[in-house]
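**Student:** Structure: protein_28.cif, mmCIF, C-alpha atoms.
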data_protein
loop_
_atom_site.label_atom_id
_atom_site.label_comp_id
_atom_site.auth_asym_id
_atom_site.auth_seq_id
_atom_site.Cartn_x
_atom_site.Cartn_y
_atom_site.Cartn_z
CA MET R 646 -49.95 -2.42 -20.07
CA TRP R 647 -50.59 -3.52 -16.51
CA ASN R 648 -47.77 -6.01 -16.39
CA GLN R 649 -45.26 -3.97 -18.23
CA GLY R 650 -42.77 -2.85 -15.65
CA GLY R 651 -45.50 -1.11 -13.76
CA TYR R 652 -45.82 -2.69 -10.37
CA SER R 653 -43.41 -5.57 -10.42
CA GLU R 654 -40.70 -3.24 -9.27
CA SER R 655 -42.68 -1.43 -6.65
CA SER R 656 -44.10 -4.47 -4.93
CA MET R 657 -43.42 -3.52 -1.36
CA ALA R 658 -45.05 -5.76 1.21
CA GLY R 659 -48.72 -5.04 1.20
CA GLY R 660 -48.18 -2.40 -1.40
CA TYR R 661 -50.06 -1.45 -4.50
CA THR R 662 -50.41 -4.85 -6.10
CA GLN R 663 -53.36 -6.67 -7.54
CA SER R 664 -53.83 -8.98 -4.60
CA PRO R 665 -57.39 -9.97 -3.75
CA GLY R 666 -58.94 -7.58 -1.33
CA GLY R 667 -57.21 -4.65 -2.97
CA PHE R 668 -54.30 -2.57 -1.89
CA ALA R 669 -56.43 -0.65 0.55
CA SER R 670 -56.66 -3.59 2.97
CA PRO R 671 -53.21 -3.28 4.57
CA ALA R 672 -54.12 0.26 5.55
CA LEU R 673 -57.60 -0.57 6.74
CA SER R 674 -56.64 -3.67 8.68
CA GLN R 675 -53.93 -1.76 10.50
CA GLY R 676 -56.48 0.44 12.15
CA GLY R 677 -55.02 -0.20 15.56
CA GLU R 678 -51.50 0.74 14.56
CA LYS R 679 -52.40 4.05 12.99
CA LYS R 680 -51.27 6.27 15.79
CA GLY R 681 -47.63 7.17 16.10
CA ARG R 682 -46.38 4.87 13.38
CA THR R 683 -45.28 5.66 9.86
CA ARG R 684 -47.23 3.54 7.45
CA ALA R 685 -44.72 3.42 4.66
CA ASN R 686 -46.01 0.17 3.25
CA GLN R 687 -48.01 1.56 0.37
CA ILE R 688 -46.75 3.30 -2.73
CA ILE R 689 -49.28 5.79 -3.97
CA PRO R 690 -49.56 7.26 -7.46
CA CYS R 691 -49.72 11.04 -7.14
CA THR R 692 -49.53 14.26 -9.06
CA VAL R 693 -46.90 16.89 -8.37
CA SER R 694 -49.66 19.27 -7.30
CA GLN R 695 -50.81 16.79 -4.66
CA LEU R 696 -47.29 16.39 -3.32
CA MET R 697 -46.82 20.14 -3.13
CA SER R 698 -50.17 20.68 -1.38
CA ALA R 699 -49.81 17.79 1.03
CA SER R 700 -50.11 18.75 4.67
CA GLN R 701 -47.26 17.75 6.90
CA ALA R 702 -47.11 16.48 10.47
CA ASP R 703 -43.55 15.75 11.61
CA GLU R 704 -42.20 13.38 9.01
CA SER R 705 -45.49 12.24 7.55
CA PHE R 706 -47.50 13.78 4.75
CA ARG R 707 -51.16 13.74 3.95
CA VAL R 708 -52.99 14.44 0.70
CA GLY R 709 -56.59 15.00 1.70
CA ASP R 710 -57.43 11.85 3.63
CA VAL R 711 -54.56 9.84 2.25
CA ASP R 712 -51.24 9.34 4.03
CA VAL R 713 -48.42 9.45 1.54
CA ALA R 714 -44.83 8.46 2.05
CA GLN R 715 -43.73 6.41 -0.94
CA VAL R 716 -45.13 7.81 -4.15
CA THR R 717 -44.96 7.45 -7.90
CA ILE R 718 -45.19 10.31 -10.34
CA VAL R 719 -45.07 10.29 -14.13
CA GLY R 720 -43.75 13.33 -15.93
CA VAL R 721 -41.27 14.72 -18.39
CA ILE R 722 -37.74 15.75 -17.44
CA ARG R 723 -37.27 19.48 -17.86
CA SER R 724 -33.74 19.84 -16.55
CA THR R 725 -30.93 17.80 -15.09
CA ASP R 726 -28.04 18.44 -12.76
CA LYS R 727 -25.47 15.78 -12.08
CA SER R 728 -23.00 15.85 -9.22
CA MET R 729 -20.61 13.26 -7.84
CA THR R 730 -23.14 11.64 -5.55
CA ASN R 731 -26.49 12.36 -7.08
CA ILE R 732 -28.50 13.34 -10.10
CA GLN R 733 -31.16 16.01 -9.72
CA TYR R 734 -34.02 16.22 -12.15
CA LYS R 735 -36.93 18.58 -12.48
CA VAL R 736 -39.92 16.48 -13.50
CA ASP R 737 -43.04 18.11 -14.95
CA ASP R 738 -46.39 16.32 -14.94
CA MET R 739 -48.39 19.40 -16.02
CA THR R 740 -50.17 19.79 -12.68
CA GLY R 741 -47.85 22.55 -11.50
CA ALA R 742 -44.24 23.66 -11.59
CA PRO R 743 -41.74 20.86 -12.20
CA MET R 744 -40.88 18.84 -9.09
CA ASP R 745 -37.36 18.34 -7.78
CA VAL R 746 -36.37 14.71 -7.91
CA LYS R 747 -33.11 13.57 -6.40
CA GLN R 748 -31.57 10.25 -7.26
CA TRP R 749 -28.57 9.08 -5.29
CA VAL R 750 -25.80 7.56 -7.33
CA ASP R 751 -23.77 4.76 -5.90
CA THR R 752 -20.43 5.26 -7.59
CA GLU R 753 -19.16 1.91 -6.34
CA ASP R 754 -22.05 -0.12 -7.70
CA GLN R 755 -21.40 -0.93 -11.33
CA SER R 756 -24.77 -2.56 -11.82
CA VAL R 757 -26.68 0.65 -11.22
CA ASP R 758 -26.94 2.77 -14.31
CA SER R 759 -26.02 6.34 -13.46
CA THR R 760 -26.48 7.76 -16.93
CA VAL R 761 -28.33 11.01 -16.79
CA LEU R 762 -31.61 10.95 -18.70
CA PRO R 763 -31.94 13.90 -21.07
CA PRO R 764 -34.60 16.62 -20.85
CA GLY R 765 -37.69 15.70 -22.83
CA THR R 766 -37.66 12.13 -21.53
CA TYR R 767 -40.88 10.89 -19.99
CA VAL R 768 -40.16 9.02 -16.78
CA LYS R 769 -41.85 7.21 -13.95
CA VAL R 770 -40.34 8.25 -10.63
CA SER R 771 -40.74 6.06 -7.55
CA GLY R 772 -39.51 7.45 -4.27
CA ASN R 773 -40.21 9.14 -0.99
CA LEU R 774 -41.68 12.58 -0.49
CA ARG R 775 -39.39 14.78 1.54
CA SER R 776 -39.56 18.28 2.88
CA PHE R 777 -36.42 20.18 3.78
CA GLN R 778 -36.60 23.79 4.91
CA ASN R 779 -40.05 24.03 3.46
CA HIS R 780 -38.85 22.80 0.12
CA ARG R 781 -40.55 19.67 -1.20
CA SER R 782 -38.79 17.08 -3.26
CA VAL R 783 -38.88 13.40 -4.07
CA VAL R 784 -35.94 11.23 -3.19
CA ALA R 785 -36.16 8.56 -5.85
CA PHE R 786 -35.15 4.95 -5.68
CA SER R 787 -36.17 4.52 -9.29
CA VAL R 788 -36.30 6.88 -12.27
CA ARG R 789 -37.36 4.79 -15.23
CA PRO R 790 -37.80 6.18 -18.75
CA LEU R 791 -41.15 5.25 -20.24
CA GLU R 792 -41.11 3.00 -23.24
CA ASP R 793 -44.87 2.76 -23.47
CA MET R 794 -46.41 6.24 -23.46
CA ASN R 795 -49.73 4.73 -22.47
CA GLU R 796 -48.27 4.69 -18.96
CA ILE R 797 -49.00 8.41 -18.92
CA THR R 798 -52.67 7.58 -19.38
CA SER R 799 -52.64 4.75 -16.89
CA HIS R 800 -50.93 6.89 -14.25
CA MET R 801 -53.61 9.58 -14.60
CA LEU R 802 -56.29 6.97 -14.01
CA GLU R 803 -54.39 5.30 -11.19
CA VAL R 804 -53.97 8.61 -9.35
CA VAL R 805 -57.70 9.23 -9.37
CA GLN R 806 -58.49 5.65 -8.47
CA ALA R 807 -55.97 5.40 -5.63
CA HIS R 808 -56.91 8.67 -3.96
CA MET R 809 -60.60 7.96 -4.37
CA ALA R 810 -60.31 4.46 -2.94
CA LEU R 811 -58.18 5.57 0.01
CA SER R 812 -60.28 8.58 0.92
CA LYS R 813 -63.05 8.56 3.48
CA PRO R 814 -66.22 7.59 1.71
CA GLN R 815 -68.55 10.39 0.77
CA THR R 816 -72.30 9.74 0.74
CA MET R 817 -72.83 7.70 -2.38
CA SER R 818 -75.55 9.33 -4.37
CA ALA R 819 -76.28 6.51 -6.77
CA ALA R 820 -75.89 3.52 -4.51
CA GLY R 821 -79.06 1.88 -3.24
CA GLY R 822 -80.62 4.77 -1.39
CA GLY R 823 -79.09 6.23 1.73
CA MET R 824 -76.83 3.41 2.80
CA SER R 825 -73.38 4.17 4.12
CA SER R 826 -70.37 1.95 4.54
CA SER R 827 -67.75 2.53 7.17
CA ALA R 828 -64.81 1.85 4.90
CA MET R 829 -64.29 2.07 1.18
CA PRO R 830 -64.62 -1.24 -0.61
CA MET R 831 -62.50 -1.52 -3.69
CA SER R 832 -62.83 -3.58 -6.79
CA ARG R 833 -59.83 -4.78 -8.75
CA PRO R 834 -58.68 -1.90 -10.89
CA THR R 835 -59.32 -2.57 -14.55
CA MET R 836 -59.73 -0.14 -17.40
CA GLY R 837 -63.08 -1.53 -18.36
CA GLY R 838 -64.28 -1.59 -14.82
CA MET R 839 -65.22 2.05 -14.67
CA ASP R 840 -68.68 1.29 -15.92
CA GLY R 841 -70.47 -1.71 -17.31
CA ASN R 842 -70.22 -0.74 -20.98
CA ALA R 843 -67.45 -1.71 -23.30
CA GLY R 844 -67.63 1.71 -24.84
CA GLY R 845 -65.86 3.70 -22.20
CA TYR R 846 -66.40 6.07 -19.38
CA ALA R 847 -69.95 7.14 -18.75
CA GLY R 848 -69.33 10.07 -16.42
CA ALA R 849 -68.99 10.61 -12.71
CA ASN R 850 -72.65 10.59 -11.85
CA ASP R 851 -73.46 7.24 -13.37
CA MET R 852 -71.44 5.05 -11.09
CA THR R 853 -70.77 4.47 -7.42
CA ASN R 854 -67.43 5.44 -6.02
CA ASN R 855 -66.08 1.92 -5.84
CA GLY R 856 -67.13 0.43 -9.18
CA LEU R 857 -69.76 -1.85 -7.63
CA SER R 858 -73.43 -1.68 -8.56
CA ALA R 859 -76.06 -0.62 -6.05
CA ASN R 860 -77.13 -4.23 -5.40
CA GLN R 861 -73.57 -5.42 -4.96
CA ASN R 862 -72.89 -2.60 -2.55
CA GLN R 863 -75.92 -3.41 -0.43
CA VAL R 864 -75.02 -7.09 -0.26
CA LEU R 865 -71.40 -6.29 0.54
CA CYS R 866 -72.38 -3.88 3.31
CA LEU R 867 -74.57 -6.44 5.00
CA ILE R 868 -71.89 -9.11 4.79
CA ARG R 869 -69.30 -6.73 6.24
CA SER R 870 -71.42 -5.72 9.17
CA CYS R 871 -71.94 -9.29 10.32
CA PRO R 872 -69.91 -10.01 13.46
CA GLU R 873 -70.47 -13.79 13.47
CA PRO R 874 -67.35 -15.87 12.83
CA GLN R 875 -69.24 -18.10 10.40
CA GLY R 876 -70.42 -15.10 8.47
CA ILE R 877 -73.89 -14.33 7.16
CA SER R 878 -76.04 -16.76 5.22
CA ILE R 879 -77.74 -16.22 1.89
CA GLN R 880 -81.06 -16.79 3.60
CA GLU R 881 -80.28 -14.05 6.10
CA LEU R 882 -79.34 -11.73 3.26
CA LYS R 883 -82.67 -12.46 1.59
CA LYS R 884 -84.49 -11.68 4.83
CA ARG R 885 -82.75 -8.34 5.17
CA LEU R 886 -82.95 -7.39 1.51
CA GLY R 887 -86.62 -8.10 0.96
CA SER R 888 -86.72 -6.28 -2.36
CA MET R 889 -83.92 -8.30 -3.92
CA SER R 890 -84.59 -11.75 -5.32
CA ILE R 891 -82.51 -14.74 -4.26
CA ALA R 892 -81.14 -14.97 -7.79
CA VAL R 893 -79.92 -11.38 -7.76
CA ILE R 894 -78.41 -11.84 -4.31
CA LYS R 895 -76.61 -14.98 -5.44
CA GLN R 896 -75.31 -13.15 -8.52
CA ALA R 897 -73.98 -10.35 -6.36
CA VAL R 898 -72.38 -12.81 -3.94
CA GLU R 899 -70.68 -14.64 -6.79
CA PHE R 900 -69.32 -11.38 -8.23
CA LEU R 901 -68.09 -10.13 -4.86
CA SER R 902 -66.48 -13.48 -4.17
CA ASN R 903 -64.70 -13.48 -7.53
CA GLU R 904 -63.45 -9.96 -6.93
CA GLY R 905 -62.09 -10.95 -3.55
CA HIS R 906 -64.38 -8.85 -1.35
CA ILE R 907 -65.94 -11.87 0.40
CA PHE R 908 -65.19 -15.53 0.99
CA SER R 909 -67.30 -18.54 1.93
CA THR R 910 -66.94 -19.96 5.43
CA ILE R 911 -68.72 -23.07 6.78
CA ASP R 912 -70.47 -23.78 3.49
CA GLU R 913 -71.30 -22.21 0.16
CA ASP R 914 -74.19 -20.33 1.73
CA HIS R 915 -72.23 -18.44 4.37
CA TYR R 916 -69.93 -15.53 3.61
CA LYS R 917 -67.65 -13.13 5.41
CA SER R 918 -66.02 -9.99 4.12
CA THR R 919 -62.29 -9.82 3.50
CA ASP R 920 -62.37 -6.26 4.90
CA SER R 921 -64.24 -6.73 8.18
CA ASP R 922 -65.54 -3.86 10.19
CA ASP R 923 -63.78 -4.96 13.36
CA MET C 928 -43.34 32.55 -21.67
CA ALA C 929 -40.98 30.50 -19.52
CA SER C 930 -43.26 31.13 -16.59
CA LEU C 931 -45.97 29.13 -18.37
CA LEU C 932 -43.94 25.99 -17.72
CA ASP C 933 -43.75 26.82 -14.02
CA ALA C 934 -47.50 26.89 -13.64
CA SER C 935 -50.09 24.21 -14.09
CA LYS C 936 -50.93 23.16 -17.63
CA PRO C 937 -54.27 21.35 -17.58
CA ARG C 938 -54.48 18.47 -19.98
CA ILE C 939 -57.29 19.20 -22.41
CA ASN C 940 -58.84 18.17 -25.69
CA CYS C 941 -60.54 20.28 -28.37
CA SER C 942 -63.88 20.52 -26.58
CA MET C 943 -62.17 22.08 -23.59
CA LEU C 944 -60.22 24.71 -25.54
CA SER C 945 -62.86 27.40 -25.17
CA GLN C 946 -62.82 27.03 -21.38
CA HIS C 947 -59.08 27.66 -21.23
CA ILE C 948 -58.65 30.76 -23.34
CA GLY C 949 -55.74 32.81 -22.05
CA ARG C 950 -54.45 29.88 -20.00
CA GLY C 951 -51.52 27.55 -20.35
CA VAL C 952 -52.57 24.05 -21.37
CA CYS C 953 -51.15 20.70 -22.34
CA PHE C 954 -52.63 19.26 -25.53
CA VAL C 955 -51.84 15.74 -26.69
CA GLY C 956 -52.89 14.86 -30.21
CA ARG C 957 -52.00 13.34 -33.55
CA VAL C 958 -50.23 15.57 -36.05
CA GLU C 959 -52.44 16.02 -39.08
CA LYS C 960 -51.28 18.67 -41.54
CA VAL C 961 -48.12 20.71 -41.31
CA HIS C 962 -48.20 24.09 -43.06
CA PRO C 963 -45.48 24.53 -45.72
CA THR C 964 -43.93 27.33 -43.69
CA GLY C 965 -43.52 24.92 -40.81
CA LYS C 966 -44.83 27.53 -38.40
CA THR C 967 -48.24 26.03 -37.89
CA PHE C 968 -49.81 22.59 -37.93
CA SER C 969 -53.08 20.91 -37.06
CA VAL C 970 -53.55 18.20 -34.45
CA SER C 971 -56.48 15.92 -33.80
CA ASP C 972 -57.55 14.71 -30.37
CA GLY C 973 -58.97 11.38 -29.24
CA GLU C 974 -62.46 12.46 -30.27
CA GLY C 975 -61.34 13.20 -33.81
CA LYS C 976 -61.66 16.96 -33.46
CA SER C 977 -58.90 19.23 -34.71
CA ALA C 978 -57.05 22.19 -33.30
CA THR C 979 -54.43 24.52 -34.75
CA VAL C 980 -51.01 24.88 -33.20
CA GLU C 981 -48.69 27.81 -33.87
CA LEU C 982 -44.96 27.82 -33.32
CA ASN C 983 -42.56 30.69 -32.68
CA GLU C 984 -39.88 29.13 -34.84
CA PRO C 985 -40.52 27.02 -37.92
CA LEU C 986 -40.22 23.28 -37.46
CA GLU C 987 -36.76 21.93 -38.04
CA GLU C 988 -37.81 18.32 -38.18
CA GLU C 989 -40.44 16.17 -39.82
CA LEU C 990 -43.31 16.13 -37.38
CA SER C 991 -45.69 13.19 -37.32
CA GLY C 992 -47.38 10.84 -34.89
CA ILE C 993 -48.41 11.86 -31.41
CA VAL C 994 -47.24 15.18 -30.06
CA GLU C 995 -47.64 16.83 -26.67
CA VAL C 996 -47.92 20.59 -27.03
CA ILE C 997 -47.65 22.99 -24.12
CA GLY C 998 -48.78 26.50 -24.82
CA MET C 999 -51.39 29.15 -24.37
CA VAL C 1000 -54.87 29.12 -25.89
CA SER C 1001 -55.59 32.26 -27.87
CA SER C 1002 -59.01 33.87 -28.09
CA LYS C 1003 -59.45 32.12 -31.45
CA GLY C 1004 -58.80 28.72 -29.88
CA VAL C 1005 -55.35 28.41 -31.41
CA ILE C 1006 -52.55 27.04 -29.26
CA THR C 1007 -49.41 29.16 -29.32
CA THR C 1008 -46.62 26.80 -28.42
CA THR C 1009 -44.17 27.24 -25.59
CA THR C 1010 -42.68 23.81 -26.06
CA TYR C 1011 -43.62 20.51 -27.61
CA ASN C 1012 -42.55 16.92 -27.12
CA ILE C 1013 -43.01 13.98 -29.44
CA LEU C 1014 -44.44 10.93 -27.65
CA ARG C 1015 -42.22 8.26 -29.03
CA GLU C 1016 -43.85 5.17 -30.44
CA ASP C 1017 -40.60 3.70 -31.71
CA LYS C 1018 -40.67 0.83 -29.23
CA GLY C 1019 -43.48 -0.58 -31.28
CA ILE C 1020 -46.15 0.32 -28.77
CA PRO C 1021 -48.72 2.70 -30.24
CA PHE C 1022 -50.15 5.42 -28.06
CA ASP C 1023 -53.89 4.95 -27.55
CA LEU C 1024 -55.22 8.45 -28.10
CA GLU C 1025 -58.85 7.45 -27.61
CA LEU C 1026 -58.02 5.93 -24.23
CA TYR C 1027 -56.10 9.08 -23.30
CA ASN C 1028 -59.24 11.03 -24.15
CA GLU C 1029 -61.26 8.87 -21.77
CA ALA C 1030 -58.66 9.49 -19.07
CA LEU C 1031 -58.99 13.24 -19.70
CA LYS C 1032 -62.68 13.01 -18.96
CA VAL C 1033 -61.93 11.15 -15.74
CA ILE C 1034 -59.43 13.66 -14.42
CA HIS C 1035 -61.73 16.54 -15.23
CA ASP C 1036 -64.63 14.77 -13.56
CA PHE C 1037 -62.59 14.28 -10.40
CA PRO C 1038 -60.54 17.45 -9.90
CA GLN C 1039 -60.41 16.70 -6.19
CA TYR C 1040 -58.30 13.63 -6.94
CA TYR C 1041 -56.30 15.12 -9.83
CA PRO C 1042 -55.79 18.79 -9.01
CA PHE C 1043 -54.28 21.11 -11.58
CA GLU C 1044 -53.20 23.68 -9.10
CA VAL C 1045 -51.34 23.69 -5.81
CA ALA C 1046 -53.78 24.15 -2.96
CA ALA C 1047 -52.76 25.84 0.25
CA SER C 1048 -51.49 23.09 2.51
CA GLY C 1049 -52.91 22.58 5.99
#
If you convert what's in this file into structure tokens, what do you get?
**Tutor:**
Amino acid sequence: MWNQGGYSESSMAGGYTQSPGGFASPALSQGGEKKGRTRANQIIPCTVSQLMSASQADESFRVGDVDVAQVTIVGVIRSTDKSMTNIQYKVDDMTGAPMDVKQWVDTEDQSVDSTVLPPGTYVKVSGNLRSFQNHRSVVAFSVRPLEDMNEITSHMLEVVQAHMALSKPQTMSAAGGGMSSSAMPMSRPTMGGMDGNAGGYAGANDMTNNGLSANQNQVLCLIRSCPEPQGISIQELKKRLGSMSIAVIKQAVEFLSNEGHIFSTIDEDHYKSTDSDD
Amino acid sequence: MASLLDASKPRINCSMLSQHIGRGVCFVGRVEKVHPTGKTFSVSDGEGKSATVELNEPLEEELSGIVEVIGMVSSKGVITTTTYNILREDKGIPFDLELYNEALKVIHDFPQYYPFEVAASG
């Protein structure tokens, strides 16, 4: 399901791909460029309700804490309207009234299919959120009919995951007692990654916001806060995490390293975070 | 009833029916039994529970597989249909209803990240 036409077409530079370190890193590492610059280098799965409620400052939109420019929505076509230069759809994803989606048609370009998709078709729309005279719409560069209806399910999950991962961290209730991180670490999105069991989703209260266990979060936080270029050593971690055994620390380090949150530096005992706090 | 489509239609399963009485909802389930009159049928959700769906007009087609029903929940927990859509599985890819049920739980656990209404924008 993951590889099926999902993100191969929306792989903008630094966009929502499964690169190590997660798609959140381009945003986080561009901390210095935040002001006065449109960060249109992420494509964010959204619901129509989020797009309609997004606050607007000049040309940029914000859903909660998340800047949105390029978005994807998944919904069913309710109506169509074709003109010489464009096709207008109303796409309904159940979160509100159907959203206006405009797709420009290049009449010269034979390779682009300008067949209008009929109402009742489930589609994935990729495009830019626009507001014109207070009217919100999506200008689409892709309107793709779904062949695998499980994409409806995956989009629902991706919306929650993306907005959660990109939002400012709330105090984590379950994670290792009163520790806060300054940015949201993110584990590679997998269906089974929501909790440790094979059996499915255990409920919001049973897991930390980022899919990491309490131990892993503590270890990751310490590694991230280390300013040394050679990173922090396992011995240092053991000193700071007196209650955790070396074995558990090493397990956590191995997991975090495999997930791409940390990397080894001068030797196998020293690690730095891929999302540094600087 | 057309205005129901212009509002939010929370995605629900059978256990959530009672919390949405009088509201428009979106119910995805597997068609179980179709009544001989074609005006009502039963659907099962990803947890195996069943609900009854009523139509305004009798069915004109054979209905089977996975269906997405949009309608209002009556006080008896019956869904009166505004419109329905068959989720096609003809590309050989079955729809995983159990997984959809898990996703339902997720979006209802995190309404702040999957809102079913349009909040006032800032």
**Student:** Given a cut-off of 10 Å, which residues of chain R touch chain C, counting only C-alpha atoms, written out as a VMD selection string?
**Tutor:** chain R and resid 646 691 to 702 707 to 709 721 723 737 to 744 765 to 767 791 to 809 812 836 839 845 to 850
**Student:** Taking the file as shown, what set of residues would the PyMOL selection byres ((chain R and resi 913) around 12) give back, as a CSV table (one decimal) with C-alpha atoms, keeping the file's coordinate frame?
**Tutor:**
chain,number,residue,atom,x,y,z
R,875,GLN,CA,-69.2,-18.1,10.4
R,876,GLY,CA,-70.4,-15.1,8.5
R,877,ILE,CA,-73.9,-14.3,7.2
R,878,SER,CA,-76.0,-16.8,5.2
R,879,ILE,CA,-77.7,-16.2,1.9
R,880,GLN,CA,-81.1,-16.8,3.6
R,895,LYS,CA,-76.6,-15.0,-5.4
R,898,VAL,CA,-72.4,-12.8,-3.9
R,899,GLU,CA,-70.7,-14.6,-6.8
R,902,SER,CA,-66.5,-13.5,-4.2
R,907,ILE,CA,-65.9,-11.9,0.4
R,908,PHE,CA,-65.2,-15.5,1.0
R,909,SER,CA,-67.3,-18.5,1.9
R,910,THR,CA,-66.9,-20.0,5.4
R,911,ILE,CA,-68.7,-23.1,6.8
R,912,ASP,CA,-70.5,-23.8,3.5
R,914,ASP,CA,-74.2,-20.3,1.7
R,915,HIS,CA,-72.2,-18.4,4.4
R,916,TYR,CA,-69.9,-15.5,3.6
R,917,LYS,CA,-67.6,-13.1,5.4
**Student:** List the neighbours of Asn983 of chain C out to 12 Å using only C-alpha atoms; skip same-chain residues closer than 4 positions along the sequence, and give me the result as a VMD selection string.
**Tutor:** chain C and resid 928 964 to 967 987 998 1006 to 1011
**Student:** Within 9 Å of Ser977 of chain C, counting only C-alpha atoms, which residues qualify if same-chain residues fewer than 6 places away don't, as number ranges by chain?
**Tutor:** C: 941, 956, 959, 969-971
**Student:** Enclose the full set of atoms of segment 1009-1012 of chain C listed in the file within a box whose edges lie along x, y and z, apply 6 Å of padding to each of the six sides, and report centre and edge lengths in Å to one decimal as AutoDock Vina command-line options.
**Tutor:**
--center_x -43.4 --center_y 22.1 --center_z -26.6 --size_x 13.6 --size_y 22.3 --size_z 14.0
**Student:** In Å to one decimal, how far is atom CA of Arg781 of chain R from atom CA of Phe954 of chain C?
**Tutor:**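 Atom CA of Phe954 of chain C sits 27.2 Å away from atom CA of Arg781 of chain R.
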**Student:** Return the single residue from R:Gln863, R:Gln748, R:Thr730, R:Thr717 that is closest to Lys769 of chain R, with distances computed using only C-alpha atoms.
**Tutor:**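 The shortest atom-to-atom distance to Lys769 of chain R comes from R:Thr717.
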**Student:** Can you work out the spacing between atom CA of Ala810 of chain R and atom CA of Thr919 of chain R in Å, to one decimal?
**Tutor:** 15.8 Å
**Student:** Show me, as a ChimeraX atom specification, the residues that have an atom within 9 Å of Val1005 of chain C when counting all atoms listed in the file, minus same-chain residues fewer than 6 positions from it.
**Tutor:** /C:944,978-981,999
**Student:** Work out how far apart atom CA of Ser776 of chain R and atom CA of Asn686 of chain R are and give it in Å to one decimal.
**Tutor:**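 Those two atoms sit 19.2 Å apart.
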**Student:** Would you write out, as a PyMOL selection string, every residue that the PyMOL selection byres ((chain R and resi 724) around 9) captures in this file?
**Tutor:** chain R and resi 722-723+725-726+733-736+763-765
**Student:** For the residues selected in the previous step, produce a file with C-alpha atoms as a PDB file, in the coordinates of the input.
**Tutor:**
ATOM      1  CA  ILE R 722     -37.740  15.750 -17.440  1.00  0.00           C
ATOM      2  CA  ARG R 723     -37.270  19.480 -17.860  1.00  0.00           C
ATOM      3  CA  THR R 725     -30.930  17.800 -15.090  1.00  0.00           C
ATOM      4  CA  ASP R 726     -28.040  18.440 -12.760  1.00  0.00           C
ATOM      5  CA  GLN R 733     -31.160  16.010  -9.720  1.00  0.00           C
ATOM      6  CA  TYR R 734     -34.020  16.220 -12.150  1.00  0.00           C
ATOM      7  CA  LYS R 735     -36.930  18.580 -12.480  1.00  0.00           C
ATOM      8  CA  VAL R 736     -39.920  16.480 -13.500  1.00  0.00           C
ATOM      9  CA  PRO R 763     -31.940  13.900 -21.070  1.00  0.00           C
ATOM     10  CA  PRO R 764     -34.600  16.620 -20.850  1.00  0.00           C
ATOM     11  CA  GLY R 765     -37.690  15.700 -22.830  1.00  0.00           C
TER      12      GLY R 765
END
**Student:** Show me the residues close to (-35.5, 11.6, -7.3) - anything with an atom within 12 Å, counting only C-alpha atoms - and format the list as a PDB file with C-alpha atoms, in the coordinates of the input.
**Tutor:**
ATOM      1  CA  GLN R 715     -43.730   6.410  -0.940  1.00  0.00           C
ATOM      2  CA  VAL R 716     -45.130   7.810  -4.150  1.00  0.00           C
ATOM      3  CA  THR R 717     -44.960   7.450  -7.900  1.00  0.00           C
ATOM      4  CA  ILE R 718     -45.190  10.310 -10.340  1.00  0.00           C
ATOM      5  CA  VAL R 719     -45.070  10.290 -14.130  1.00  0.00           C
ATOM      6  CA  ILE R 722     -37.740  15.750 -17.440  1.00  0.00           C
ATOM      7  CA  THR R 725     -30.930  17.800 -15.090  1.00  0.00           C
ATOM      8  CA  ASP R 726     -28.040  18.440 -12.760  1.00  0.00           C
ATOM      9  CA  LYS R 727     -25.470  15.780 -12.080  1.00  0.00           C
ATOM     10  CA  ASN R 731     -26.490  12.360  -7.080  1.00  0.00           C
ATOM     11  CA  ILE R 732     -28.500  13.340 -10.100  1.00  0.00           C
ATOM     12  CA  GLN R 733     -31.160  16.010  -9.720  1.00  0.00           C
ATOM     13  CA  TYR R 734     -34.020  16.220 -12.150  1.00  0.00           C
ATOM     14  CA  LYS R 735     -36.930  18.580 -12.480  1.00  0.00           C
ATOM     15  CA  VAL R 736     -39.920  16.480 -13.500  1.00  0.00           C
ATOM     16  CA  MET R 744     -40.880  18.840  -9.090  1.00  0.00           C
ATOM     17  CA  ASP R 745     -37.360  18.340  -7.780  1.00  0.00           C
ATOM     18  CA  VAL R 746     -36.370  14.710  -7.910  1.00  0.00           C
ATOM     19  CA  LYS R 747     -33.110  13.570  -6.400  1.00  0.00           C
ATOM     20  CA  GLN R 748     -31.570  10.250  -7.260  1.00  0.00           C
ATOM     21  CA  TRP R 749     -28.570   9.080  -5.290  1.00  0.00           C
ATOM     22  CA  VAL R 750     -25.800   7.560  -7.330  1.00  0.00           C
ATOM     23  CA  VAL R 761     -28.330  11.010 -16.790  1.00  0.00           C
ATOM     24  CA  VAL R 768     -40.160   9.020 -16.780  1.00  0.00           C
ATOM     25  CA  LYS R 769     -41.850   7.210 -13.950  1.00  0.00           C
ATOM     26  CA  VAL R 770     -40.340   8.250 -10.630  1.00  0.00           C
ATOM     27  CA  SER R 771     -40.740   6.060  -7.550  1.00  0.00           C
ATOM     28  CA  GLY R 772     -39.510   7.450  -4.270  1.00  0.00           C
ATOM     29  CA  ASN R 773     -40.210   9.140  -0.990  1.00  0.00           C
ATOM     30  CA  LEU R 774     -41.680  12.580  -0.490  1.00  0.00           C
ATOM     31  CA  ARG R 775     -39.390  14.780   1.540  1.00  0.00           C
ATOM     32  CA  ARG R 781     -40.550  19.670  -1.200  1.00  0.00           C
ATOM     33  CA  SER R 782     -38.790  17.080  -3.260  1.00  0.00           C
ATOM     34  CA  VAL R 783     -38.880  13.400  -4.070  1.00  0.00           C
ATOM     35  CA  VAL R 784     -35.940  11.230  -3.190  1.00  0.00           C
ATOM     36  CA  ALA R 785     -36.160   8.560  -5.850  1.00  0.00           C
ATOM     37  CA  PHE R 786     -35.150   4.950  -5.680  1.00  0.00           C
ATOM     38  CA  SER R 787     -36.170   4.520  -9.290  1.00  0.00           C
ATOM     39  CA  VAL R 788     -36.300   6.880 -12.270  1.00  0.00           C
ATOM     40  CA  ARG R 789     -37.360   4.790 -15.230  1.00  0.00           C
TER      41      ARG R 789
END
